[in-house]
$ cat start.json   # JSON, C-alpha atoms
[["chain", "number", "residue", "atom", "x", "y", "z"],
["A", 1, "MET", "CA", 84.33, -136.47, 3.37],
["A", 2, "LYS", "CA", 83.94, -138.14, -0.01],
["A", 3, "THR", "CA", 86.72, -139.04, -2.38],
["A", 4, "LYS", "CA", 87.05, -139.49, -6.10],
["A", 5, "TYR", "CA", 90.18, -140.68, -7.84],
["A", 6, "ASP", "CA", 90.83, -140.03, -11.52],
["A", 7, "LYS", "CA", 93.19, -142.76, -12.59],
["A", 8, "LYS", "CA", 93.90, -141.18, -16.00],
["A", 9, "VAL", "CA", 95.42, -138.03, -14.56],
["A", 10, "ASP", "CA", 96.38, -139.46, -11.16],
["A", 11, "ALA", "CA", 94.39, -136.83, -9.26],
["A", 12, "LYS", "CA", 92.23, -137.23, -6.19],
["A", 13, "TYR", "CA", 89.40, -134.95, -5.15],
["A", 14, "ILE", "CA", 88.15, -134.87, -1.58],
["A", 15, "SER", "CA", 84.79, -133.19, -1.00],
["A", 16, "ILE", "CA", 84.44, -131.74, 2.47],
["A", 17, "LYS", "CA", 81.12, -129.97, 2.19],
["A", 18, "GLN", "CA", 78.73, -128.72, -0.44],
["A", 19, "GLY", "CA", 78.72, -125.13, -1.60],
["A", 20, "LYS", "CA", 79.67, -122.75, -4.36],
["A", 21, "ILE", "CA", 83.38, -122.50, -5.09],
["A", 22, "ALA", "CA", 84.47, -118.86, -5.09],
["A", 23, "HIS", "CA", 88.20, -119.32, -5.53],
["A", 24, "THR", "CA", 90.97, -121.92, -5.51],
["A", 25, "LYS", "CA", 93.94, -121.59, -3.21],
["A", 26, "LYS", "CA", 97.25, -123.19, -4.15],
["A", 27, "GLU", "CA", 98.53, -124.69, -0.91],
["A", 28, "GLN", "CA", 101.35, -126.56, -2.66],
["A", 29, "ASN", "CA", 102.10, -127.16, -6.35],
["A", 30, "TRP", "CA", 100.29, -130.46, -5.98],
["A", 31, "LEU", "CA", 97.66, -129.46, -3.43],
["A", 32, "LEU", "CA", 94.72, -127.18, -4.23],
["A", 33, "PHE", "CA", 91.94, -125.97, -1.93],
["A", 34, "ASP", "CA", 88.56, -125.03, -3.39],
["A", 35, "CYS", "CA", 87.13, -122.35, -1.12],
["A", 36, "ALA", "CA", 83.75, -120.73, -0.57],
["A", 37, "LYS", "CA", 83.30, -116.96, -0.37],
["A", 38, "ASN", "CA", 83.65, -117.06, 3.43],
["A", 39, "GLY", "CA", 86.98, -118.92, 3.14],
["A", 40, "ASP", "CA", 85.68, -122.35, 4.14],
["A", 41, "VAL", "CA", 87.43, -125.13, 2.24],
["A", 42, "LEU", "CA", 84.83, -127.07, 0.27],
["A", 43, "GLY", "CA", 87.17, -129.51, -1.44],
["A", 44, "VAL", "CA", 90.79, -130.56, -1.72],
["A", 45, "GLU", "CA", 92.48, -131.65, -4.93],
["A", 46, "ILE", "CA", 95.66, -133.70, -4.78],
["A", 47, "LEU", "CA", 97.64, -133.79, -8.01],
["A", 48, "ASP", "CA", 100.06, -136.69, -8.61],
["A", 49, "ALA", "CA", 98.08, -138.41, -5.88],
["A", 50, "SER", "CA", 100.09, -141.63, -6.05],
["A", 51, "LYS", "CA", 103.22, -139.65, -5.07],
["A", 52, "HIS", "CA", 101.61, -137.64, -2.29],
["A", 53, "ALA", "CA", 100.13, -139.70, 0.50],
["A", 54, "ILE", "CA", 98.47, -137.26, 2.89],
["A", 55, "SER", "CA", 95.83, -137.51, 5.57],
["A", 56, "ILE", "CA", 93.12, -134.88, 5.65],
["A", 57, "TYR", "CA", 91.58, -133.82, 8.98],
["A", 58, "THR", "CA", 88.23, -132.13, 9.38],
["A", 59, "VAL", "CA", 86.56, -130.89, 12.57],
["A", 60, "ASN", "CA", 82.82, -130.19, 12.43],
["A", 61, "GLU", "CA", 82.94, -130.39, 8.62],
["A", 62, "LYS", "CA", 85.71, -127.78, 8.40],
["A", 63, "LEU", "CA", 89.18, -128.50, 7.11],
["A", 64, "PHE", "CA", 91.51, -128.57, 10.07],
["A", 65, "GLY", "CA", 94.74, -129.58, 8.37],
["A", 66, "TYR", "CA", 96.69, -132.28, 6.63],
["A", 67, "SER", "CA", 99.77, -134.33, 7.31],
["A", 68, "GLU", "CA", 101.99, -136.73, 5.43],
["A", 69, "VAL", "CA", 101.69, -140.49, 5.76],
["A", 70, "ALA", "CA", 105.04, -142.14, 6.40],
["A", 71, "SER", "CA", 105.61, -145.78, 5.49],
["A", 72, "ALA", "CA", 108.23, -148.33, 6.46],
["A", 73, "ARG", "CA", 108.55, -152.01, 5.59],
["A", 74, "GLY", "CA", 108.84, -154.48, 8.44],
["A", 75, "SER", "CA", 111.98, -156.53, 8.90],
["A", 76, "ASP", "CA", 110.11, -159.60, 7.57],
["A", 77, "ASN", "CA", 109.48, -157.69, 4.32],
["A", 78, "GLU", "CA", 105.88, -158.93, 4.32],
["A", 79, "SER", "CA", 104.42, -156.25, 6.56],
["A", 80, "LEU", "CA", 104.19, -152.53, 6.12],
["A", 81, "GLY", "CA", 103.83, -149.85, 8.75],
["A", 82, "LEU", "CA", 102.03, -146.61, 7.98],
["A", 83, "SER", "CA", 102.12, -143.78, 10.47],
["A", 84, "VAL", "CA", 100.66, -140.32, 10.54],
["A", 85, "LYS", "CA", 100.60, -137.50, 13.09],
["A", 86, "SER", "CA", 97.59, -135.25, 13.53],
["A", 87, "PRO", "CA", 98.22, -131.58, 12.64],
["A", 88, "GLU", "CA", 99.07, -129.17, 15.46],
["A", 89, "TYR", "CA", 96.17, -127.61, 17.33],
["A", 90, "LYS", "CA", 96.30, -123.96, 18.42],
["A", 91, "LYS", "CA", 96.87, -123.60, 22.12],
["A", 92, "GLU", "CA", 94.91, -120.57, 23.29],
["A", 93, "ASN", "CA", 94.52, -121.36, 26.95],
["A", 94, "GLN", "CA", 94.36, -124.32, 29.30],
["A", 95, "PHE", "CA", 92.50, -126.29, 26.66],
["A", 96, "VAL", "CA", 93.15, -126.23, 22.98],
["A", 97, "SER", "CA", 90.88, -124.79, 20.37],
["A", 98, "ALA", "CA", 90.12, -126.87, 17.31],
["B", 1, "MET", "CA", 96.12, -153.07, -9.11],
["B", 2, "ILE", "CA", 93.06, -155.09, -8.10],
["B", 3, "GLU", "CA", 89.89, -153.63, -9.59],
["B", 4, "HIS", "CA", 87.02, -153.95, -7.13],
["B", 5, "PRO", "CA", 83.65, -154.30, -8.87],
["B", 6, "LYS", "CA", 81.25, -151.42, -8.23],
["B", 7, "GLU", "CA", 78.16, -153.58, -7.72],
["B", 8, "LYS", "CA", 77.55, -154.16, -4.02],
["B", 9, "ASN", "CA", 76.45, -157.77, -4.56],
["B", 10, "SER", "CA", 79.63, -158.78, -6.31],
["B", 11, "TYR", "CA", 81.89, -157.03, -3.81],
["B", 12, "ILE", "CA", 84.95, -159.08, -2.92],
["B", 13, "GLU", "CA", 86.81, -158.24, 0.23],
["B", 14, "HIS", "CA", 90.52, -158.41, -0.57],
["B", 15, "VAL", "CA", 91.59, -156.74, 2.66],
["B", 16, "LYS", "CA", 90.19, -157.15, 6.13],
["B", 17, "CYS", "CA", 90.52, -154.84, 9.13],
["B", 18, "VAL", "CA", 91.50, -157.41, 11.75],
["B", 19, "TRP", "CA", 91.52, -155.19, 14.81],
["B", 20, "GLY", "CA", 91.80, -151.65, 16.04],
["B", 21, "LEU", "CA", 92.71, -150.24, 19.44],
["B", 22, "LEU", "CA", 93.48, -147.00, 21.21],
["B", 23, "CYS", "CA", 96.63, -146.74, 23.31],
["B", 24, "SER", "CA", 98.88, -144.12, 24.84],
["B", 25, "LEU", "CA", 101.96, -145.20, 22.94],
["B", 26, "SER", "CA", 103.14, -147.91, 20.59],
["B", 27, "SER", "CA", 106.55, -149.19, 19.65],
["B", 28, "ILE", "CA", 107.90, -151.59, 17.05],
["B", 29, "ASP", "CA", 110.58, -154.10, 17.91],
["B", 30, "GLN", "CA", 112.69, -153.86, 14.74],
["B", 31, "GLU", "CA", 114.38, -157.21, 15.31],
["B", 32, "ARG", "CA", 111.26, -159.30, 15.91],
["B", 33, "ASN", "CA", 108.91, -157.03, 13.97],
["B", 34, "ASN", "CA", 106.38, -157.08, 16.80],
["B", 35, "LEU", "CA", 104.28, -154.17, 17.89],
["B", 36, "SER", "CA", 104.00, -153.26, 21.56],
["B", 37, "LEU", "CA", 101.03, -151.25, 22.74],
["B", 38, "PHE", "CA", 101.27, -149.32, 26.02],
["B", 39, "ASN", "CA", 98.23, -148.33, 28.08],
["B", 40, "ILE", "CA", 95.30, -149.56, 26.03],
["B", 41, "ILE", "CA", 92.63, -146.87, 26.30],
["B", 42, "ASP", "CA", 88.92, -147.51, 26.69],
["B", 43, "GLN", "CA", 88.21, -144.49, 28.87],
["B", 44, "PHE", "CA", 89.23, -140.84, 29.01],
["B", 45, "ASN", "CA", 88.79, -138.86, 32.22],
["B", 46, "ILE", "CA", 88.20, -135.22, 31.41],
["B", 47, "PRO", "CA", 87.89, -132.48, 34.05],
["B", 48, "ALA", "CA", 84.49, -130.78, 34.34],
["B", 49, "ASP", "CA", 86.18, -127.40, 33.58],
["B", 50, "PHE", "CA", 86.76, -128.58, 30.03],
["B", 51, "PHE", "CA", 83.04, -128.96, 29.32],
["B", 52, "ILE", "CA", 82.17, -125.73, 31.19],
["B", 53, "GLN", "CA", 84.71, -123.75, 29.16],
["B", 54, "GLN", "CA", 83.60, -125.34, 25.91],
["B", 55, "LYS", "CA", 79.98, -124.39, 26.59],
["B", 56, "SER", "CA", 80.77, -120.83, 27.63],
["B", 57, "GLU", "CA", 83.11, -120.15, 24.69],
["B", 58, "LYS", "CA", 80.91, -122.02, 22.19],
["B", 59, "LYS", "CA", 84.05, -123.49, 20.70],
["B", 60, "THR", "CA", 85.17, -127.01, 19.95],
["B", 61, "LEU", "CA", 88.02, -127.67, 22.33],
["B", 62, "LEU", "CA", 90.60, -130.40, 22.31],
["B", 63, "PHE", "CA", 91.45, -132.19, 25.52],
["B", 64, "MET", "CA", 95.22, -132.58, 25.44],
["B", 65, "HIS", "CA", 95.77, -136.27, 25.95],
["B", 66, "PRO", "CA", 98.06, -137.72, 23.27],
["B", 67, "TYR", "CA", 97.01, -141.16, 22.13],
["B", 68, "GLU", "CA", 97.31, -143.43, 19.14],
["B", 69, "ILE", "CA", 94.77, -145.22, 16.99],
["B", 70, "ILE", "CA", 96.25, -148.53, 15.85],
["B", 71, "LEU", "CA", 94.74, -150.62, 13.08],
["B", 72, "LEU", "CA", 95.84, -153.92, 11.63],
["B", 73, "LEU", "CA", 94.73, -154.76, 8.11],
["B", 74, "ARG", "CA", 95.57, -157.90, 6.19],
["B", 75, "ARG", "CA", 94.96, -159.44, 2.81],
["B", 76, "THR", "CA", 92.23, -162.06, 2.79],
["B", 77, "LEU", "CA", 93.95, -164.03, 0.03],
["B", 78, "ASP", "CA", 97.45, -165.43, 0.32],
["B", 79, "ILE", "CA", 100.02, -163.50, -1.73],
["B", 80, "GLY", "CA", 100.78, -166.80, -3.50],
["B", 81, "ILE", "CA", 97.25, -166.63, -4.97],
["B", 82, "ALA", "CA", 96.76, -162.89, -5.44],
["B", 83, "ASP", "CA", 99.62, -160.47, -5.04],
["B", 84, "GLU", "CA", 98.29, -157.40, -6.80],
["B", 85, "GLU", "CA", 98.72, -153.92, -5.37],
["B", 86, "ILE", "CA", 95.63, -152.87, -3.41],
["B", 87, "ALA", "CA", 94.83, -149.21, -2.82],
["B", 88, "ALA", "CA", 92.07, -147.76, -0.68],
["B", 89, "ASP", "CA", 91.05, -144.74, 1.36],
["B", 90, "ILE", "CA", 90.45, -145.20, 5.04],
["B", 91, "LYS", "CA", 88.26, -142.88, 7.10],
["B", 92, "ILE", "CA", 88.18, -142.57, 10.86],
["B", 93, "ILE", "CA", 85.15, -140.75, 12.22],
["B", 94, "THR", "CA", 84.84, -139.66, 15.85],
["B", 95, "ILE", "CA", 81.18, -139.91, 16.85],
["B", 96, "ASP", "CA", 79.88, -138.42, 20.11],
["B", 97, "PRO", "CA", 77.07, -139.87, 22.32],
["B", 98, "ASP", "CA", 74.48, -137.81, 20.34],
["B", 99, "GLY", "CA", 75.64, -139.41, 17.09],
["B", 100, "LYS", "CA", 77.34, -136.22, 15.88],
["B", 101, "ASN", "CA", 80.51, -136.51, 13.76],
["B", 102, "LEU", "CA", 83.09, -134.45, 15.61],
["B", 103, "GLN", "CA", 86.08, -135.25, 13.49],
["B", 104, "GLU", "CA", 87.03, -137.10, 10.34],
["B", 105, "ILE", "CA", 90.44, -138.30, 9.26],
["B", 106, "LEU", "CA", 90.87, -139.46, 5.71],
["B", 107, "SER", "CA", 93.98, -141.29, 4.69],
["B", 108, "PRO", "CA", 95.19, -143.33, 1.72],
["B", 109, "ILE", "CA", 96.49, -146.85, 2.29],
["B", 110, "LYS", "CA", 98.30, -149.10, -0.13],
["B", 111, "PHE", "CA", 99.23, -152.76, 0.00],
["B", 112, "PRO", "CA", 102.20, -153.04, -2.35],
["B", 113, "LYS", "CA", 103.03, -156.39, -3.96],
["B", 114, "GLY", "CA", 104.37, -158.87, -1.44],
["B", 115, "ILE", "CA", 102.88, -157.15, 1.60],
["B", 116, "ARG", "CA", 100.47, -159.32, 3.62],
["B", 117, "ARG", "CA", 99.84, -157.14, 6.66],
["B", 118, "LEU", "CA", 99.59, -153.43, 7.18],
["B", 119, "ARG", "CA", 99.83, -151.61, 10.47],
["B", 120, "PHE", "CA", 98.39, -148.16, 10.57],
["B", 121, "ARG", "CA", 99.28, -145.86, 13.45],
["B", 122, "ILE", "CA", 97.64, -142.48, 13.82],
["B", 123, "THR", "CA", 99.05, -140.24, 16.52],
["B", 124, "MET", "CA", 96.47, -137.89, 17.95],
["B", 125, "GLN", "CA", 97.37, -134.81, 19.97],
["B", 126, "GLY", "CA", 94.24, -135.06, 22.04],
["B", 127, "LEU", "CA", 90.56, -135.81, 22.06],
["B", 128, "LEU", "CA", 87.61, -133.78, 20.85],
["B", 129, "ALA", "CA", 84.76, -134.31, 23.28],
["B", 130, "SER", "CA", 81.39, -132.59, 23.35],
["B", 131, "MET", "CA", 80.05, -134.29, 26.50],
["B", 132, "ALA", "CA", 80.56, -137.22, 28.79],
["B", 133, "GLY", "CA", 79.31, -140.56, 27.48],
["B", 134, "ASP", "CA", 79.95, -143.33, 24.98],
["B", 135, "TYR", "CA", 81.94, -142.46, 21.87],
["B", 136, "VAL", "CA", 83.23, -144.45, 18.92],
["B", 137, "HIS", "CA", 85.96, -144.12, 16.36],
["B", 138, "GLN", "CA", 84.24, -145.56, 13.32],
["B", 139, "ILE", "CA", 86.57, -147.04, 10.69],
["B", 140, "GLU", "CA", 85.41, -147.02, 7.08],
["B", 141, "ILE", "CA", 87.18, -148.16, 3.90],
["B", 142, "LYS", "CA", 86.60, -147.31, 0.25],
["B", 143, "TRP", "CA", 88.43, -149.11, -2.53],
["B", 144, "THR", "CA", 89.85, -146.93, -5.29],
["B", 145, "ASN", "CA", 87.06, -147.42, -7.83],
["B", 146, "GLN", "CA", 84.14, -147.77, -5.43],
["B", 147, "ASP", "CA", 81.73, -144.92, -4.75],
["B", 148, "GLU", "CA", 80.95, -145.35, -1.09],
["B", 149, "PHE", "CA", 82.84, -145.98, 2.12],
["B", 150, "LYS", "CA", 81.98, -149.15, 4.00],
["B", 151, "LYS", "CA", 82.12, -149.47, 7.79],
["B", 152, "VAL", "CA", 84.61, -152.14, 8.81],
["B", 153, "LEU", "CA", 85.14, -151.54, 12.52],
["B", 154, "GLU", "CA", 84.09, -149.50, 15.53],
["B", 155, "ILE", "CA", 86.43, -148.72, 18.39],
["B", 156, "PRO", "CA", 84.29, -147.73, 21.39],
["B", 157, "PHE", "CA", 85.52, -145.64, 24.30],
["B", 158, "GLU", "CA", 84.00, -143.75, 27.18],
["B", 159, "VAL", "CA", 84.48, -140.14, 28.18],
["B", 160, "ARG", "CA", 84.00, -139.51, 31.88],
["B", 161, "GLU", "CA", 83.59, -136.14, 33.47],
["B", 162, "GLN", "CA", 85.92, -135.78, 36.40],
["B", 163, "LYS", "CA", 84.20, -133.82, 39.14],
["B", 164, "LYS", "CA", 86.24, -131.42, 41.23],
["B", 165, "SER", "CA", 87.07, -132.82, 44.65],
["B", 166, "LEU", "CA", 85.90, -130.68, 47.58],
["B", 167, "SER", "CA", 89.14, -131.01, 49.53]]

$ encode --input "start.json" --output "structure tokens"
Amino acid sequence: MKTKYDKKVDAKYISIKQGKIAHTKKEQNWLLFDCAKNGDVLGVEILDASKHAISIYTVNEKLFGYSEVASARGSDNESLGLSVKSPEYKKENQFVSA
Amino acid sequence: MIEHPKEKNSYIEHVKCVWGLLCSLSSIDQERNNLSLFNIIDQFNIPADFFIQQKSEKKTLLFMHPYEIILLLRRTLDIGIADEEIAADIKIITIDPDGKNLQEILSPIKFPKGIRRLRFRITMQGLLASMAGDYVHQIEIKWTNQDEFKKVLEIPFEVREQKKSLS
């Protein structure tokens, strides 16, 4: 994954893989997926990026999911804790398919 | 916000990744602000069936073994000298024994003013494993106005195939 942040408009673009964009899917008002003809997500655009801290997960160069990054200041007020949970995997059988 | 120069030669490291570990669970003592790590992981034992099924189904499977990736980052300069907000993207790549990238996690991090240390905890549902052998979680960082990610740490771990017992 590669990232590019446009400070002027506060938007971040995450390239997942190269290809021709066939359509853009609006996942959220602030989250857009650029997709190829076959549905593969080629890139993710985060609008108001400074307000939306999200982690992006890919498996074998395919978008797997995203999840929010939570933050909490430490009691000393000089440390910060960030935590994030990986998105849910589909459970098909004994093992889980990614 | 601190502007990091684009030229590689004039690169100034304002934040350092001090350490990174894998563990089963972590917990923060709110009163003392200390982090406890339980069951530090340097090895995963995966049943042989997992690899057999993965091969036969030609699918990437996840071995359900919840664990956490814990990173500690800190400013290299004292906040009395430089207390600007620092923003970056952090990437965690899971690399198998053949050097193949199985998984990437990309996440933004931000050191607000007044914050010296940053703990980053990533809870994973399980492990993606293509074969038994030596793996790494490679940690890379890219500052907001830089073009490329830079490797800052590798967390190695071993995946062992657990053979079925005959009894």

$ residues_around --input "start.json" --residues "segment 63-71 of chain A" --least-positions-apart "6" --cutoff "6 Å" --atoms "only C-alpha atoms" --output "PyMOL selection string"
chain A and resi 53-57+81-84+87

$ closest_atom_pairs --input "start.json" --of "chain A" --to "chain B" --cutoff "9 Å" --atoms "all atoms listed in the file" --output "tab-separated table"
residue	atom	partner	partner_atom	distance
A:Met1	CA	B:Glu104	CA	7.5
A:Lys2	CA	B:Glu148	CA	7.9
A:Thr3	CA	B:Asp147	CA	8.1
A:Lys4	CA	B:Asp147	CA	7.7
A:Tyr5	CA	B:Thr144	CA	6.8
A:Ala53	CA	B:Pro108	CA	6.3
A:Ile54	CA	B:Ser107	CA	6.3
A:Ser55	CA	B:Ser107	CA	4.3
A:Ile56	CA	B:Leu106	CA	5.1
A:Tyr57	CA	B:Ile105	CA	4.6
A:Thr58	CA	B:Glu104	CA	5.2
A:Val59	CA	B:Gln103	CA	4.5
A:Asn60	CA	B:Leu102	CA	5.3
A:Glu61	CA	B:Gln103	CA	7.6
A:Val69	CA	B:Ser107	CA	7.8
A:Arg73	CA	B:Ile115	CA	8.6
A:Gly74	CA	B:Asn33	CA	6.1
A:Ser75	CA	B:Asn33	CA	5.9
A:Asp76	CA	B:Asn33	CA	7.0
A:Asn77	CA	B:Ile115	CA	7.2
A:Glu78	CA	B:Ile115	CA	4.4
A:Ser79	CA	B:Arg117	CA	4.7
A:Leu80	CA	B:Leu118	CA	4.8
A:Gly81	CA	B:Arg119	CA	4.7
A:Leu82	CA	B:Phe120	CA	4.7
A:Ser83	CA	B:Arg121	CA	4.6
A:Val84	CA	B:Ile122	CA	5.0
A:Lys85	CA	B:Thr123	CA	4.7
A:Ser86	CA	B:Met124	CA	5.3
A:Pro87	CA	B:Gln125	CA	8.1
A:Glu88	CA	B:Gln125	CA	7.4
A:Tyr89	CA	B:Gln125	CA	7.8
A:Gln94	CA	B:Phe50	CA	8.7
A:Phe95	CA	B:Phe63	CA	6.1
A:Val96	CA	B:Leu62	CA	4.9
A:Ser97	CA	B:Leu61	CA	4.5
A:Ala98	CA	B:Leu61	CA	5.5

$ atom_distance --input "start.json" --atom1 "atom CA of His23 of chain A" --atom2 "atom CA of Gly43 of chain A"
11.0 Å

$ atom_distance --input "start.json" --atom1 "atom CA of Val159 of chain B" --atom2 "atom CA of Leu25 of chain B"
18.9 Å

$ closest_residue --input "start.json" --among "A:Ala49, A:Ala72, A:Asp10, A:Val44" --to "Lys26 of chain A" --atoms "only C-alpha atoms"
A:Val44

$ closest_residue --input "start.json" --among "B:Leu35, B:Arg75, B:Ile52, B:Tyr67" --to "Ala132 of chain B" --atoms "all atoms listed in the file"
B:Ile52

$ atom_distance --input "start.json" --atom1 "atom CA of Glu161 of chain B" --atom2 "atom CA of Lys62 of chain A"
26.5 Å

$ residues_around --input "start.json" --residues "Val152 of chain B" --least-positions-apart "6" --cutoff "10 Å" --atoms "only C-alpha atoms" --output "list in words"
Lys16, Cys17, Val18, Trp19, Ile90, Gln138, Ile139, Glu140 and Ile141 of chain B

$ decode --input "start.json" --residues "segment 6-88 of chain A" --atoms "C-alpha atoms" --output "PDB file, in the first residue's frame"
ATOM      1  CA  ASP A   6      -3.355  16.280   0.313  1.00  0.00           C
ATOM      2  CA  LYS A   7      -3.017  18.822   3.079  1.00  0.00           C
ATOM      3  CA  LYS A   8      -5.043  21.491   1.242  1.00  0.00           C
ATOM      4  CA  VAL A   9      -8.224  19.440   1.142  1.00  0.00           C
ATOM      5  CA  ASP A  10      -7.412  17.134   4.075  1.00  0.00           C
ATOM      6  CA  ALA A  11      -7.826  13.983   1.972  1.00  0.00           C
ATOM      7  CA  LYS A  12      -5.751  10.833   1.975  1.00  0.00           C
ATOM      8  CA  TYR A  13      -5.451   8.374  -0.876  1.00  0.00           C
ATOM      9  CA  ILE A  14      -4.282   4.817  -0.302  1.00  0.00           C
ATOM     10  CA  SER A  15      -3.234   2.857  -3.385  1.00  0.00           C
ATOM     11  CA  ILE A  16      -3.684  -0.876  -2.985  1.00  0.00           C
ATOM     12  CA  LYS A  17      -2.825  -2.085  -6.453  1.00  0.00           C
ATOM     13  CA  GLN A  18      -2.474  -0.769  -9.964  1.00  0.00           C
ATOM     14  CA  GLY A  19      -5.256  -1.020 -12.499  1.00  0.00           C
ATOM     15  CA  LYS A  20      -7.962   0.845 -14.348  1.00  0.00           C
ATOM     16  CA  ILE A  21     -10.684   2.335 -12.169  1.00  0.00           C
ATOM     17  CA  ALA A  22     -14.108   1.288 -13.456  1.00  0.00           C
ATOM     18  CA  HIS A  23     -16.283   2.780 -10.746  1.00  0.00           C
ATOM     19  CA  THR A  24     -16.181   4.386  -7.308  1.00  0.00           C
ATOM     20  CA  LYS A  25     -18.132   2.940  -4.421  1.00  0.00           C
ATOM     21  CA  LYS A  26     -19.244   5.187  -1.572  1.00  0.00           C
ATOM     22  CA  GLU A  27     -18.619   3.130   1.556  1.00  0.00           C
ATOM     23  CA  GLN A  28     -19.294   6.079   3.864  1.00  0.00           C
ATOM     24  CA  ASN A  29     -19.771   9.803   3.177  1.00  0.00           C
ATOM     25  CA  TRP A  30     -16.082  10.205   3.927  1.00  0.00           C
ATOM     26  CA  LEU A  31     -14.789   6.899   2.573  1.00  0.00           C
ATOM     27  CA  LEU A  32     -14.625   6.064  -1.138  1.00  0.00           C
ATOM     28  CA  PHE A  33     -13.417   2.869  -2.811  1.00  0.00           C
ATOM     29  CA  ASP A  34     -12.049   3.005  -6.356  1.00  0.00           C
ATOM     30  CA  CYS A  35     -12.827  -0.355  -7.918  1.00  0.00           C
ATOM     31  CA  ALA A  36     -11.726  -2.272 -11.001  1.00  0.00           C
ATOM     32  CA  LYS A  37     -14.199  -3.926 -13.367  1.00  0.00           C
ATOM     33  CA  ASN A  38     -13.925  -7.214 -11.454  1.00  0.00           C
ATOM     34  CA  GLY A  39     -14.785  -5.464  -8.170  1.00  0.00           C
ATOM     35  CA  ASP A  40     -11.273  -5.446  -6.722  1.00  0.00           C
ATOM     36  CA  VAL A  41     -10.582  -2.298  -4.715  1.00  0.00           C
ATOM     37  CA  LEU A  42      -7.643  -0.478  -6.287  1.00  0.00           C
ATOM     38  CA  GLY A  43      -7.585   2.520  -3.972  1.00  0.00           C
ATOM     39  CA  VAL A  44      -9.234   4.052  -0.942  1.00  0.00           C
ATOM     40  CA  GLU A  45      -9.911   7.753  -0.484  1.00  0.00           C
ATOM     41  CA  ILE A  46     -10.480   9.145   2.990  1.00  0.00           C
ATOM     42  CA  LEU A  47     -12.088  12.579   3.076  1.00  0.00           C
ATOM     43  CA  ASP A  48     -11.612  14.763   6.177  1.00  0.00           C
ATOM     44  CA  ALA A  49      -8.713  12.429   6.907  1.00  0.00           C
ATOM     45  CA  SER A  50      -7.676  14.243  10.083  1.00  0.00           C
ATOM     46  CA  LYS A  51     -11.101  13.435  11.586  1.00  0.00           C
ATOM     47  CA  HIS A  52     -11.219   9.803  10.488  1.00  0.00           C
ATOM     48  CA  ALA A  53      -8.387   7.672  11.789  1.00  0.00           C
ATOM     49  CA  ILE A  54      -8.832   4.237  10.240  1.00  0.00           C
ATOM     50  CA  SER A  55      -6.594   1.255   9.646  1.00  0.00           C
ATOM     51  CA  ILE A  56      -6.739  -0.442   6.274  1.00  0.00           C
ATOM     52  CA  TYR A  57      -6.123  -4.198   5.992  1.00  0.00           C
ATOM     53  CA  THR A  58      -5.112  -6.003   2.840  1.00  0.00           C
ATOM     54  CA  VAL A  59      -4.569  -9.729   2.305  1.00  0.00           C
ATOM     55  CA  ASN A  60      -2.619 -10.790  -0.798  1.00  0.00           C
ATOM     56  CA  GLU A  61      -2.993  -7.261  -2.211  1.00  0.00           C
ATOM     57  CA  LYS A  62      -6.781  -7.311  -1.828  1.00  0.00           C
ATOM     58  CA  LEU A  63      -8.691  -5.028   0.488  1.00  0.00           C
ATOM     59  CA  PHE A  64      -9.842  -7.084   3.427  1.00  0.00           C
ATOM     60  CA  GLY A  65     -11.428  -4.387   5.568  1.00  0.00           C
ATOM     61  CA  TYR A  66     -10.914  -1.369   7.736  1.00  0.00           C
ATOM     62  CA  SER A  67     -11.357  -0.470  11.373  1.00  0.00           C
ATOM     63  CA  GLU A  68     -11.260   2.636  13.507  1.00  0.00           C
ATOM     64  CA  VAL A  69      -8.238   3.612  15.559  1.00  0.00           C
ATOM     65  CA  ALA A  70      -9.156   4.469  19.135  1.00  0.00           C
ATOM     66  CA  SER A  71      -6.945   6.742  21.218  1.00  0.00           C
ATOM     67  CA  ALA A  72      -6.676   7.441  24.931  1.00  0.00           C
ATOM     68  CA  ARG A  73      -4.264   9.629  26.869  1.00  0.00           C
ATOM     69  CA  GLY A  74      -2.300   8.024  29.678  1.00  0.00           C
ATOM     70  CA  SER A  75      -2.810   9.139  33.258  1.00  0.00           C
ATOM     71  CA  ASP A  76       0.558  10.973  33.112  1.00  0.00           C
ATOM     72  CA  ASN A  77      -0.811  13.051  30.211  1.00  0.00           C
ATOM     73  CA  GLU A  78       2.487  12.596  28.370  1.00  0.00           C
ATOM     74  CA  SER A  79       1.726   9.259  26.762  1.00  0.00           C
ATOM     75  CA  LEU A  80      -0.932   8.251  24.304  1.00  0.00           C
ATOM     76  CA  GLY A  81      -2.381   4.833  23.642  1.00  0.00           C
ATOM     77  CA  LEU A  82      -3.681   3.908  20.209  1.00  0.00           C
ATOM     78  CA  SER A  83      -5.548   0.674  19.721  1.00  0.00           C
ATOM     79  CA  VAL A  84      -7.138  -0.998  16.761  1.00  0.00           C
ATOM     80  CA  LYS A  85      -8.895  -4.316  16.195  1.00  0.00           C
ATOM     81  CA  SER A  86      -8.524  -6.272  12.977  1.00  0.00           C
ATOM     82  CA  PRO A  87     -11.758  -6.645  10.972  1.00  0.00           C
ATOM     83  CA  GLU A  88     -13.788  -9.830  11.401  1.00  0.00           C
TER      84      GLU A  88
END
